[in-house]
$ cat input28.csv   # CSV, C-alpha atoms and all ligand atoms
chain,number,residue,atom,x,y,z
A,1,MET,CA,53.4,59.3,11.1
A,2,PRO,CA,51.9,62.8,10.8
A,3,ASP,CA,51.3,61.9,7.1
A,4,LEU,CA,49.4,58.8,8.0
A,5,GLU,CA,47.4,60.6,10.6
A,6,ASP,CA,46.6,63.3,8.2
A,7,HIS,CA,45.4,60.9,5.7
A,8,PHE,CA,43.2,59.2,8.3
A,9,ASP,CA,41.7,62.5,9.4
A,10,ARG,CA,41.0,63.5,5.8
A,11,THR,CA,39.2,60.2,5.1
A,12,ILE,CA,36.9,60.8,8.1
A,13,GLU,CA,36.4,64.4,7.2
A,14,ARG,CA,35.4,63.6,3.7
A,15,ASP,CA,33.0,61.0,4.9
A,16,GLN,CA,34.9,58.2,3.3
A,17,ARG,CA,35.3,54.8,4.9
A,18,VAL,CA,38.3,53.5,6.7
A,19,GLU,CA,39.3,50.1,5.4
A,20,PRO,CA,41.1,47.2,7.1
A,21,ARG,CA,44.6,47.8,6.0
A,22,ASP,CA,44.6,51.6,6.4
A,23,TRP,CA,46.6,53.2,9.1
A,24,MET,CA,44.4,54.2,12.0
A,25,PRO,CA,45.0,55.6,15.5
A,26,ASP,CA,45.4,53.0,18.2
A,27,GLY,CA,42.4,54.5,20.0
A,28,TYR,CA,40.2,54.1,16.9
A,29,ARG,CA,41.2,50.5,16.4
A,30,ALA,CA,40.6,49.6,20.1
A,31,THR,CA,37.3,51.4,20.2
A,32,MET,CA,36.1,49.7,17.0
A,33,VAL,CA,37.2,46.2,18.2
A,34,ARG,CA,35.5,46.7,21.5
A,35,GLN,CA,32.3,48.0,20.0
A,36,ILE,CA,32.1,45.4,17.3
A,37,ALA,CA,32.9,42.5,19.7
A,38,GLN,CA,30.3,43.7,22.2
A,39,HIS,CA,27.8,43.9,19.4
A,40,ALA,CA,28.7,40.4,18.1
A,41,HIS,CA,28.4,39.0,21.6
A,42,SER,CA,25.0,40.6,22.0
A,43,GLU,CA,23.7,38.9,18.9
A,44,ILE,CA,25.0,35.5,20.0
A,45,ILE,CA,23.7,35.8,23.6
A,46,GLY,CA,20.5,37.3,22.2
A,47,MET,CA,19.7,33.9,20.7
A,48,GLN,CA,19.0,32.5,24.2
A,49,PRO,CA,15.9,34.3,25.5
A,50,GLU,CA,13.9,33.6,22.4
A,51,GLY,CA,15.6,30.3,21.7
A,52,GLU,CA,14.1,28.9,24.9
A,53,TRP,CA,10.7,29.1,23.2
A,54,ILE,CA,11.4,27.3,20.0
A,55,THR,CA,10.4,23.9,21.3
A,56,ARG,CA,7.3,25.4,22.9
A,57,ALA,CA,6.1,27.6,20.0
A,58,PRO,CA,2.3,27.3,19.7
A,59,SER,CA,2.2,26.2,16.1
A,60,LEU,CA,4.5,24.9,13.3
A,61,ARG,CA,4.2,28.3,11.6
A,62,ARG,CA,5.4,30.1,14.7
A,63,LYS,CA,8.1,27.6,15.3
A,64,ALA,CA,9.5,28.0,11.8
A,65,ILE,CA,9.4,31.8,12.1
A,66,LEU,CA,11.1,31.8,15.5
A,67,LEU,CA,13.8,29.3,14.3
A,68,ALA,CA,14.5,31.5,11.3
A,69,LYS,CA,14.7,34.6,13.5
A,70,VAL,CA,17.1,33.0,16.0
A,71,GLN,CA,19.2,31.7,13.2
A,72,ASP,CA,19.4,35.2,11.8
A,73,GLU,CA,20.8,36.4,15.1
A,74,ALA,CA,23.5,33.8,14.9
A,75,GLY,CA,24.3,35.1,11.4
A,76,HIS,CA,24.4,38.7,12.8
A,77,GLY,CA,27.0,37.6,15.4
A,78,LEU,CA,29.1,35.9,12.7
A,79,TYR,CA,29.0,38.9,10.3
A,80,LEU,CA,30.3,41.1,13.2
A,81,TYR,CA,33.0,38.7,14.4
A,82,SER,CA,34.1,38.7,10.7
A,83,ALA,CA,34.3,42.5,10.8
A,84,ALA,CA,36.2,42.4,14.1
A,85,GLU,CA,38.8,40.1,12.6
A,86,THR,CA,39.6,42.6,9.9
A,87,LEU,CA,41.0,44.7,12.7
A,88,GLY,CA,43.3,41.9,13.9
A,89,ALA,CA,41.1,40.4,16.6
A,90,ASP,CA,41.1,36.6,16.8
A,91,ARG,CA,37.7,35.0,16.8
A,92,ALA,CA,38.6,32.3,19.3
A,93,GLU,CA,40.0,34.9,21.6
A,94,LEU,CA,36.8,37.0,21.4
A,95,THR,CA,34.7,33.9,22.4
A,96,ALA,CA,37.1,33.3,25.3
A,97,MET,CA,36.7,36.9,26.4
A,98,LEU,CA,32.9,36.5,26.4
A,99,ILE,CA,32.7,33.3,28.4
A,100,GLU,CA,35.3,34.5,30.8
A,101,GLY,CA,33.3,37.7,31.4
A,102,ARG,CA,36.1,40.0,30.1
A,103,GLN,CA,33.9,41.5,27.4
A,104,LYS,CA,30.3,42.6,27.7
A,105,TYR,CA,27.1,42.2,25.8
A,106,SER,CA,23.8,44.1,25.8
A,107,SER,CA,22.2,44.1,29.2
A,108,ILE,CA,18.7,43.5,27.7
A,109,PHE,CA,19.4,39.8,27.2
A,110,ASN,CA,19.8,39.3,30.9
A,111,TYR,CA,16.1,39.5,31.4
A,112,PRO,CA,14.0,36.3,31.3
A,113,THR,CA,11.3,35.4,28.8
A,114,LEU,CA,8.4,34.3,31.0
A,115,THR,CA,5.6,33.7,28.4
A,116,TYR,CA,5.2,33.4,24.7
A,117,ALA,CA,4.1,37.0,24.5
A,118,ASP,CA,7.7,37.9,25.4
A,119,VAL,CA,8.8,36.5,22.0
A,120,GLY,CA,6.4,39.0,20.4
A,121,VAL,CA,7.5,41.9,22.6
A,122,ILE,CA,11.2,41.2,22.0
A,123,GLY,CA,10.6,41.3,18.2
A,124,TRP,CA,8.6,44.5,18.5
A,125,LEU,CA,10.5,46.5,21.1
A,126,VAL,CA,14.0,45.0,21.5
A,127,ASP,CA,14.5,44.4,17.7
A,128,GLY,CA,12.8,47.8,17.2
A,129,ALA,CA,15.3,49.5,19.5
A,130,ALA,CA,18.1,47.6,17.8
A,131,ILE,CA,17.0,48.9,14.4
A,132,CYS,CA,17.0,52.5,15.8
A,133,ASN,CA,20.5,52.0,16.9
A,134,GLN,CA,21.7,50.1,13.9
A,135,VAL,CA,20.3,52.1,10.9
A,136,PRO,CA,22.7,55.1,11.5
A,137,LEU,CA,25.6,52.6,12.0
A,138,CYS,CA,25.2,51.6,8.3
A,139,ARG,CA,27.1,54.9,7.7
A,140,SER,CA,29.7,54.2,10.4
A,141,SER,CA,33.2,55.2,9.4
A,142,TYR,CA,34.7,51.7,9.6
A,143,GLY,CA,33.9,50.0,6.2
A,144,PRO,CA,33.5,46.4,7.3
A,145,TYR,CA,31.3,47.3,10.3
A,146,ALA,CA,29.1,49.6,8.1
A,147,ARG,CA,28.7,46.8,5.5
A,148,ALA,CA,27.8,44.2,8.2
A,149,MET,CA,25.2,46.6,9.6
A,150,ILE,CA,23.6,47.0,6.1
A,151,ARG,CA,23.2,43.2,6.0
A,152,ILE,CA,21.8,43.1,9.5
A,153,CYS,CA,19.4,45.9,9.1
A,154,LYS,CA,17.8,44.2,6.0
A,155,GLU,CA,17.1,41.2,8.2
A,156,GLU,CA,15.9,43.1,11.3
A,157,SER,CA,12.8,44.3,9.6
A,158,PHE,CA,11.5,40.8,9.5
A,159,HIS,CA,12.3,40.4,13.1
A,160,GLN,CA,10.3,43.4,14.2
A,161,ARG,CA,7.3,42.7,12.0
A,162,GLN,CA,7.0,39.0,13.0
A,163,GLY,CA,7.0,40.1,16.6
A,164,TYR,CA,4.3,42.8,16.1
A,165,GLU,CA,2.1,40.4,14.1
A,166,LEU,CA,2.4,37.8,16.8
A,167,LEU,CA,1.2,40.4,19.3
A,168,MET,CA,-1.7,41.5,17.1
A,169,THR,CA,-2.8,37.9,16.9
A,170,MET,CA,-2.7,37.6,20.7
A,171,MET,CA,-4.5,40.9,21.1
A,172,LYS,CA,-7.4,39.4,19.0
A,173,GLY,CA,-7.5,36.4,21.3
A,174,THR,CA,-8.8,35.8,24.8
A,175,GLU,CA,-8.7,38.1,27.8
A,176,VAL,CA,-5.9,36.0,29.2
A,177,GLN,CA,-3.8,36.4,26.1
A,178,ARG,CA,-4.3,40.2,26.0
A,179,ALA,CA,-3.2,40.3,29.7
A,180,MET,CA,-0.1,38.3,28.8
A,181,VAL,CA,0.8,40.9,26.1
A,182,GLN,CA,0.3,43.8,28.5
A,183,ASP,CA,2.4,42.1,31.2
A,184,ALA,CA,5.2,41.5,28.7
A,185,VAL,CA,5.1,45.1,27.6
A,186,ASP,CA,5.2,46.2,31.2
A,187,ARG,CA,8.4,44.2,31.8
A,188,TRP,CA,10.3,45.0,28.6
A,189,TRP,CA,9.5,48.7,28.0
A,190,TRP,CA,12.0,50.2,30.4
A,191,PRO,CA,14.9,47.8,29.7
A,192,SER,CA,14.3,48.6,26.0
A,193,LEU,CA,14.8,52.3,26.7
A,194,MET,CA,18.0,51.4,28.5
A,195,MET,CA,19.4,49.6,25.4
A,196,PHE,CA,20.4,53.0,24.1
A,197,GLY,CA,23.0,53.3,26.9
A,198,PRO,CA,23.5,55.9,29.6
A,199,PRO,CA,22.2,59.5,29.1
A,200,ASP,CA,24.5,61.8,27.1
A,201,ASP,CA,25.9,63.7,30.1
A,202,ALA,CA,27.0,60.4,31.6
A,203,SER,CA,28.5,58.9,28.3
A,204,PRO,CA,32.1,60.1,28.2
A,205,ASN,CA,33.0,58.3,25.0
A,206,THR,CA,30.2,59.6,22.9
A,207,ALA,CA,32.0,62.8,21.8
A,208,ARG,CA,35.1,60.9,20.5
A,209,SER,CA,33.0,58.3,18.8
A,210,MET,CA,31.0,61.0,17.1
A,211,ALA,CA,34.2,62.9,16.0
A,212,TRP,CA,35.4,59.6,14.5
A,213,LYS,CA,32.0,59.1,12.9
A,214,ILE,CA,31.7,55.7,14.5
A,215,LYS,CA,28.5,56.9,16.0
A,216,ARG,CA,26.2,59.3,14.2
A,217,HIS,CA,23.7,60.2,16.9
A,218,THR,CA,23.8,60.4,20.7
A,219,ASN,CA,22.2,57.9,23.0
A,220,ASP,CA,19.5,60.4,24.0
A,221,GLU,CA,18.6,61.3,20.4
A,222,LEU,CA,18.1,57.7,19.5
A,223,ARG,CA,16.1,56.9,22.6
A,224,GLN,CA,13.8,59.8,21.8
A,225,ARG,CA,13.4,58.6,18.3
A,226,PHE,CA,12.5,55.1,19.6
A,227,VAL,CA,9.9,56.5,22.0
A,228,ASP,CA,8.3,58.6,19.3
A,229,MET,CA,8.1,55.6,17.0
A,230,SER,CA,6.7,53.2,19.7
A,231,VAL,CA,3.8,55.3,21.0
A,232,PRO,CA,1.6,55.0,17.9
A,233,GLN,CA,2.5,51.4,17.5
A,234,ALA,CA,1.4,50.7,21.1
A,235,GLU,CA,-1.9,52.5,20.4
A,236,SER,CA,-2.6,50.6,17.3
A,237,LEU,CA,-1.9,47.4,19.2
A,238,GLY,CA,-4.1,48.4,22.1
A,239,VAL,CA,-1.5,48.2,24.9
A,240,THR,CA,-0.4,50.8,27.5
A,241,LEU,CA,3.2,51.7,27.8
A,242,PRO,CA,4.0,51.6,31.6
A,243,ASP,CA,4.9,55.3,32.0
A,244,PRO,CA,2.4,57.7,33.5
A,245,GLU,CA,4.5,60.7,32.4
A,246,LEU,CA,4.5,59.7,28.8
A,247,ARG,CA,2.8,62.4,26.7
A,248,TRP,CA,3.1,64.4,23.5
A,249,ASN,CA,4.9,67.7,23.9
A,250,ALA,CA,3.8,69.9,21.0
A,251,GLU,CA,6.4,72.5,21.7
A,252,ARG,CA,9.3,70.0,21.4
A,253,GLY,CA,7.6,68.0,18.7
A,254,HIS,CA,8.4,64.9,20.7
A,255,HIS,CA,7.0,62.7,23.5
A,256,ASP,CA,8.1,63.5,27.0
A,257,PHE,CA,8.8,60.4,29.1
A,258,GLY,CA,9.5,59.6,32.7
A,259,PRO,CA,12.9,59.2,34.4
A,260,ILE,CA,14.8,56.0,33.7
A,261,ASP,CA,16.1,54.0,36.7
A,262,TRP,CA,19.8,54.1,35.8
A,263,SER,CA,20.8,52.2,38.9
A,264,GLU,CA,19.0,49.2,37.4
A,265,LEU,CA,21.0,49.3,34.2
A,266,GLN,CA,24.2,49.7,36.3
A,267,ARG,CA,23.2,46.6,38.4
A,268,VAL,CA,22.4,44.5,35.3
A,269,ILE,CA,25.6,45.6,33.5
A,270,SER,CA,27.8,44.8,36.5
A,271,GLY,CA,26.5,41.2,36.5
A,272,ASP,CA,23.5,41.3,38.9
A,273,GLY,CA,20.7,41.0,36.4
A,274,PRO,CA,18.1,38.1,36.6
A,275,CYS,CA,19.9,35.9,34.0
A,276,ASN,CA,23.5,37.0,33.7
A,277,ALA,CA,25.1,33.9,35.1
A,278,GLN,CA,22.8,31.6,33.2
A,279,ARG,CA,23.4,33.3,29.8
A,280,VAL,CA,27.2,33.0,30.1
A,281,ALA,CA,27.0,29.5,31.4
A,282,VAL,CA,24.9,28.4,28.5
A,283,ARG,CA,27.3,30.0,26.0
A,284,ARG,CA,30.3,28.4,27.7
A,285,ALA,CA,28.7,24.9,27.7
A,286,ALA,CA,27.8,25.3,24.0
A,287,HIS,CA,31.4,26.2,23.3
A,288,GLU,CA,32.9,23.4,25.4
A,289,ASN,CA,30.5,20.8,24.1
A,290,GLY,CA,31.5,21.8,20.6
A,291,THR,CA,35.2,21.2,21.2
A,292,TRP,CA,35.2,17.6,19.8
A,293,VAL,CA,33.3,18.8,16.7
A,294,ARG,CA,36.0,21.4,15.9
A,295,GLU,CA,38.8,18.9,16.6
A,296,ALA,CA,37.2,16.2,14.5
A,297,ALA,CA,36.7,18.6,11.5
A,298,VAL,CA,40.3,19.6,11.7
A,299,ALA,CA,41.4,15.9,11.8
A,300,HIS,CA,39.2,15.1,8.9
A,301,ALA,CA,40.5,18.0,6.8
A,302,ARG,CA,44.0,17.0,7.5
A,303,LYS,CA,43.4,13.4,6.5
A,304,ALA,CA,41.6,14.4,3.4
A,305,ALA,CA,44.5,16.7,2.4
A,306,VAL,CA,47.0,13.9,2.3
A,307,PRO,CA,47.3,12.8,-1.3
A,308,ARG,CA,46.2,9.2,-1.7
A,309,SER,CA,49.5,7.9,-3.2
A,310,ALA,CA,51.4,9.4,-0.2
A,311,GLY,CA,49.1,8.0,2.3
A,312,VAL,CA,50.3,5.8,5.1
A,313,PHE,CA,48.5,2.7,3.8
A,314,ALA,CA,49.4,3.2,0.1
B,1,MET,CA,44.2,30.9,18.1
B,2,SER,CA,41.1,29.8,16.1
B,3,ALA,CA,41.3,26.1,15.2
B,4,TRP,CA,39.8,26.6,11.7
B,5,PRO,CA,41.4,28.8,9.1
B,6,LEU,CA,39.8,32.0,7.9
B,7,TYR,CA,38.1,32.0,4.5
B,8,GLU,CA,36.9,35.0,2.4
B,9,VAL,CA,33.5,34.6,0.8
B,10,PHE,CA,32.4,35.9,-2.6
B,11,VAL,CA,28.8,35.6,-3.9
B,12,ARG,CA,27.3,36.0,-7.3
B,13,SER,CA,23.9,37.4,-6.6
B,14,LYS,CA,22.4,36.5,-10.0
B,15,ARG,CA,23.5,35.4,-13.4
B,16,GLY,CA,25.2,38.1,-15.4
B,17,LEU,CA,26.9,39.7,-12.3
B,18,ASN,CA,30.4,39.3,-10.9
B,19,HIS,CA,31.1,37.6,-7.6
B,20,VAL,CA,31.3,40.2,-4.9
B,21,HIS,CA,33.2,39.9,-1.6
B,22,VAL,CA,30.6,39.6,1.3
B,23,GLY,CA,32.7,38.7,4.3
B,24,SER,CA,34.6,35.9,5.9
B,25,LEU,CA,34.1,32.8,8.0
B,26,HIS,CA,36.1,30.0,9.6
B,27,ALA,CA,35.9,26.4,8.4
B,28,ALA,CA,38.0,23.3,8.6
B,29,ASP,CA,38.3,22.8,4.8
B,30,ASP,CA,37.0,24.1,1.5
B,31,GLU,CA,33.9,21.9,1.4
B,32,THR,CA,32.6,22.9,4.8
B,33,ALA,CA,33.6,26.5,4.0
B,34,LEU,CA,31.2,26.4,1.1
B,35,ARG,CA,28.4,25.0,3.3
B,36,HIS,CA,29.0,27.5,6.0
B,37,ALA,CA,29.0,30.3,3.4
B,38,ARG,CA,25.6,29.1,2.1
B,39,ASP,CA,24.1,29.1,5.6
B,40,LEU,CA,25.6,32.4,6.6
B,41,TYR,CA,25.5,34.6,3.5
B,42,THR,CA,22.6,33.2,1.4
B,43,ARG,CA,19.7,32.6,3.7
B,44,ARG,CA,17.4,34.6,1.5
B,45,ASN,CA,18.3,33.7,-2.1
B,46,GLU,CA,21.2,36.3,-2.1
B,47,GLY,CA,23.3,34.1,-4.3
B,48,VAL,CA,23.4,31.6,-7.2
B,49,SER,CA,27.1,30.9,-6.9
B,50,ILE,CA,29.7,31.1,-4.1
B,51,TRP,CA,33.5,31.2,-4.1
B,52,VAL,CA,35.5,30.7,-1.0
B,53,VAL,CA,39.3,31.2,-0.7
B,54,ARG,CA,41.6,30.9,2.3
B,55,SER,CA,42.4,34.4,3.4
B,56,ASP,CA,46.1,33.7,3.6
B,57,HIS,CA,46.0,32.8,-0.1
B,58,ILE,CA,45.0,36.4,-1.1
B,59,ALA,CA,47.7,38.8,-2.2
B,60,ALA,CA,46.7,42.4,-1.8
B,61,THR,CA,48.2,45.8,-2.5
B,62,SER,CA,49.3,47.7,0.6
B,63,PRO,CA,47.7,51.0,1.5
B,64,ASP,CA,51.1,52.5,2.1
B,65,GLU,CA,52.1,52.0,-1.5
B,66,LYS,CA,48.8,53.2,-2.8
B,67,ASP,CA,50.0,56.4,-4.6
B,68,PRO,CA,53.0,55.0,-6.4
B,69,PHE,CA,51.3,51.7,-7.2
B,70,PHE,CA,48.4,53.2,-9.0
B,71,ALA,CA,50.4,56.1,-10.4
B,72,PRO,CA,50.8,54.6,-13.9
B,73,SER,CA,47.1,55.1,-14.6
B,74,GLY,CA,46.9,58.6,-13.2
B,75,ASP,CA,48.5,60.5,-16.1
B,76,LYS,CA,46.8,58.8,-19.0
B,77,VAL,CA,43.8,60.9,-19.7
B,78,TYR,CA,43.8,59.8,-23.3
B,79,ARG,CA,42.4,56.5,-22.1
B,80,HIS,CA,39.1,58.2,-21.5
B,81,PRO,CA,36.5,59.0,-24.2
B,82,THR,CA,36.1,62.5,-22.9
B,83,PHE,CA,39.7,63.3,-23.9
B,84,TYR,CA,38.6,63.6,-27.6
B,85,ALA,CA,36.7,66.6,-28.8
B,86,ILE,CA,34.1,65.6,-31.4
B,87,PRO,CA,31.6,68.2,-32.8
B,88,ASP,CA,28.1,67.8,-31.3
B,89,ASP,CA,26.5,67.3,-34.7
B,90,VAL,CA,28.4,64.0,-35.4
B,91,PRO,CA,25.8,61.3,-34.6
B,92,HIS,CA,26.2,58.1,-32.6
B,93,MET,CA,29.5,59.1,-30.9
C,401,FE,FE,20.3,40.9,15.3
C,402,FE,FE,17.0,40.8,15.4
$ encode --input "input28.csv" --output "structure tokens"
Amino acid sequence: MPDLEDHFDRTIERDQRVEPRDWMPDGYRATMVRQIAQHAHSEIIGMQPEGEWITRAPSLRRKAILLAKVQDEAGHGLYLYSAAETLGADRAELTAMLIEGRQKYSSIFNYPTLTYADVGVIGWLVDGAAICNQVPLCRSSYGPYARAMIRICKEESFHQRQGYELLMTMMKGTEVQRAMVQDAVDRWWWPSLMMFGPPDDASPNTARSMAWKIKRHTNDELRQRFVDMSVPQAESLGVTLPDPELRWNAERGHHDFGPIDWSELQRVISGDGPCNAQRVAVRRAAHENGTWVREAAVAHARKAAVPRSAGVFA
Amino acid sequence: MSAWPLYEVFVRSKRGLNHVHVGSLHAADDETALRHARDLYTRRNEGVSIWVVRSDHIAATSPDEKDPFFAPSGDKVYRHPTFYAIPDDVPHM
């Protein structure tokens, strides 16, 4: 055992990747499964807020784009479930844990999408925050997770750009359209900042995840990076970020920003967000309504596998 | 337990290159595995050819036997071109 542990420690130390059949500490495996599963669930649940607008997209062009984006999110979920399975997790069990509320997903998807501007703001801010989080995860110490993240990051760039372009188009439109964009920004800005998780001094697992090189930056570092990136983008768009304390701090070389209402994050995580019950119910219904498809496909495969000459009716 | 078996997916990104493992998926049979692989792993022209194989049909070396298993190649430096000293002025070597 000390040999194996030594080998694991040296792999991490040398910045090499841990691969599926390697020995790893139980805590590392459990942390990885939990993180990857939560991430996968977030991608899958994340299809819903935007998916609601597919049938109401304002043009065929926007509909095709939104459809492709939501389909990508399904793909992201599947890449990640695939990575979780390399650690011995069972995919059906992961789905069961999601719809029974035994595993979590990102709290951001518990907010409603009230207007079409929300689709643009989600692409810009929510996918933008996801990119900030995910780019460093491409170097995460668990090989299959890091490789899934590389695939995902390549696709996220389209997500952010289509959202920003949508907003630019609306900002060139009518007064009412500009107001819709500003309203969506006002509602999504703070929840987007919460996507990075609790502040470092209230994030007990960060140190261990950093030591294992699962995480490469703390929550607060990534949040700061996101704020710094978003400010010039908001300016160029012509919207105001809803934070009176937001200003450039030349001394720090970063933007200062106002305090985040952590009690809101706590409330949404613990199930009391605007859409928690709806999101899980929709996922559960999709899973249950798909039962006959899964069963029929298995029956068909079984029947097709029987050689013709050995068939019952031969 | 998942109702559909697990498949590993290999994609040839363009002619002239080997198939490379890209991930896995669940499917009821080989044919639907290929279709799912196309939808999941080649949404942006990432591939010109796909292989799928049931995960339980793959035999793999075990990490525990890593050192002894690969030992036979470890001490054969003469398999590498740099083992041979050739004067610098000999052309095209
Ligand atoms: Fe995604
Ligand atoms: Fe995305």
$ closest_residue --input "input28.csv" --among "B:Ile58, B:Ala37, B:Val20, B:Ala3" --to "chain A" --atoms "all atoms listed in the file"
B:Ala3
$ residues_near_ligand --input "input28.csv" --ligand "ligand FE 401 (chain C)" --cutoff "9 Å" --atoms "all atoms listed in the file" --output "list of chain:residue names"
A:Ala40, A:Ser42, A:Glu43, A:Ile44, A:Gly46, A:Met47, A:Lys69, A:Val70, A:Asp72, A:Glu73, A:Ala74, A:Gly75, A:His76, A:Gly77, A:Asp127, A:Ala130, A:Ile131, A:Ile152, A:Cys153, A:Glu155, A:Glu156, A:His159
$ closest_atom_pairs --input "input28.csv" --of "chain A" --to "chain B" --cutoff "9 Å" --atoms "only C-alpha atoms" --output "JSON lines"
{"residue": "A:Leu4", "atom": "CA", "partner": "B:Asp64", "partner_atom": "CA", "distance": 8.8}
{"residue": "A:Arg21", "atom": "CA", "partner": "B:Pro63", "partner_atom": "CA", "distance": 6.3}
{"residue": "A:Asp22", "atom": "CA", "partner": "B:Pro63", "partner_atom": "CA", "distance": 5.8}
{"residue": "A:Trp23", "atom": "CA", "partner": "B:Pro63", "partner_atom": "CA", "distance": 8.0}
{"residue": "A:Asp72", "atom": "CA", "partner": "B:Arg43", "partner_atom": "CA", "distance": 8.5}
{"residue": "A:Ala74", "atom": "CA", "partner": "B:Leu40", "partner_atom": "CA", "distance": 8.7}
{"residue": "A:Gly75", "atom": "CA", "partner": "B:Leu40", "partner_atom": "CA", "distance": 5.7}
{"residue": "A:His76", "atom": "CA", "partner": "B:Leu40", "partner_atom": "CA", "distance": 8.9}
{"residue": "A:Leu78", "atom": "CA", "partner": "B:Leu25", "partner_atom": "CA", "distance": 7.5}
{"residue": "A:Tyr79", "atom": "CA", "partner": "B:Gly23", "partner_atom": "CA", "distance": 7.1}
{"residue": "A:Tyr81", "atom": "CA", "partner": "B:Leu25", "partner_atom": "CA", "distance": 8.8}
{"residue": "A:Ser82", "atom": "CA", "partner": "B:Ser24", "partner_atom": "CA", "distance": 5.6}
{"residue": "A:Ala83", "atom": "CA", "partner": "B:Gly23", "partner_atom": "CA", "distance": 7.7}
{"residue": "A:Glu85", "atom": "CA", "partner": "B:Ser24", "partner_atom": "CA", "distance": 9.0}
{"residue": "A:Asp90", "atom": "CA", "partner": "B:Met1", "partner_atom": "CA", "distance": 6.6}
{"residue": "A:Arg91", "atom": "CA", "partner": "B:Ser2", "partner_atom": "CA", "distance": 6.3}
{"residue": "A:Ala92", "atom": "CA", "partner": "B:Ser2", "partner_atom": "CA", "distance": 4.8}
{"residue": "A:Glu93", "atom": "CA", "partner": "B:Met1", "partner_atom": "CA", "distance": 6.8}
{"residue": "A:Pro144", "atom": "CA", "partner": "B:Gly23", "partner_atom": "CA", "distance": 8.3}
{"residue": "A:Arg147", "atom": "CA", "partner": "B:Val22", "partner_atom": "CA", "distance": 8.5}
{"residue": "A:Ala148", "atom": "CA", "partner": "B:Gly23", "partner_atom": "CA", "distance": 8.3}
{"residue": "A:Arg294", "atom": "CA", "partner": "B:Ala3", "partner_atom": "CA", "distance": 7.1}
{"residue": "A:Glu295", "atom": "CA", "partner": "B:Ala3", "partner_atom": "CA", "distance": 7.7}
{"residue": "A:Ala297", "atom": "CA", "partner": "B:Ala28", "partner_atom": "CA", "distance": 5.7}
{"residue": "A:Val298", "atom": "CA", "partner": "B:Ala28", "partner_atom": "CA", "distance": 5.3}
{"residue": "A:Ala299", "atom": "CA", "partner": "B:Ala28", "partner_atom": "CA", "distance": 8.7}
{"residue": "A:His300", "atom": "CA", "partner": "B:Ala28", "partner_atom": "CA", "distance": 8.3}
{"residue": "A:Ala301", "atom": "CA", "partner": "B:Asp29", "partner_atom": "CA", "distance": 5.6}
{"residue": "A:Arg302", "atom": "CA", "partner": "B:Asp29", "partner_atom": "CA", "distance": 8.6}
$ atom_distance --input "input28.csv" --atom1 "CA of Glu264 (chain A)" --atom2 "CA of Gln233 (chain A)"
25.9 Å
$ closest_residue --input "input28.csv" --among "A:Arg208, A:Lys172, A:Arg216, A:Arg223" --to "Leu125 (chain A)" --atoms "only C-alpha atoms"
A:Arg223
$ atom_distance --input "input28.csv" --atom1 "CA of Met210 (chain A)" --atom2 "CA of Ile269 (chain A)"
23.1 Å
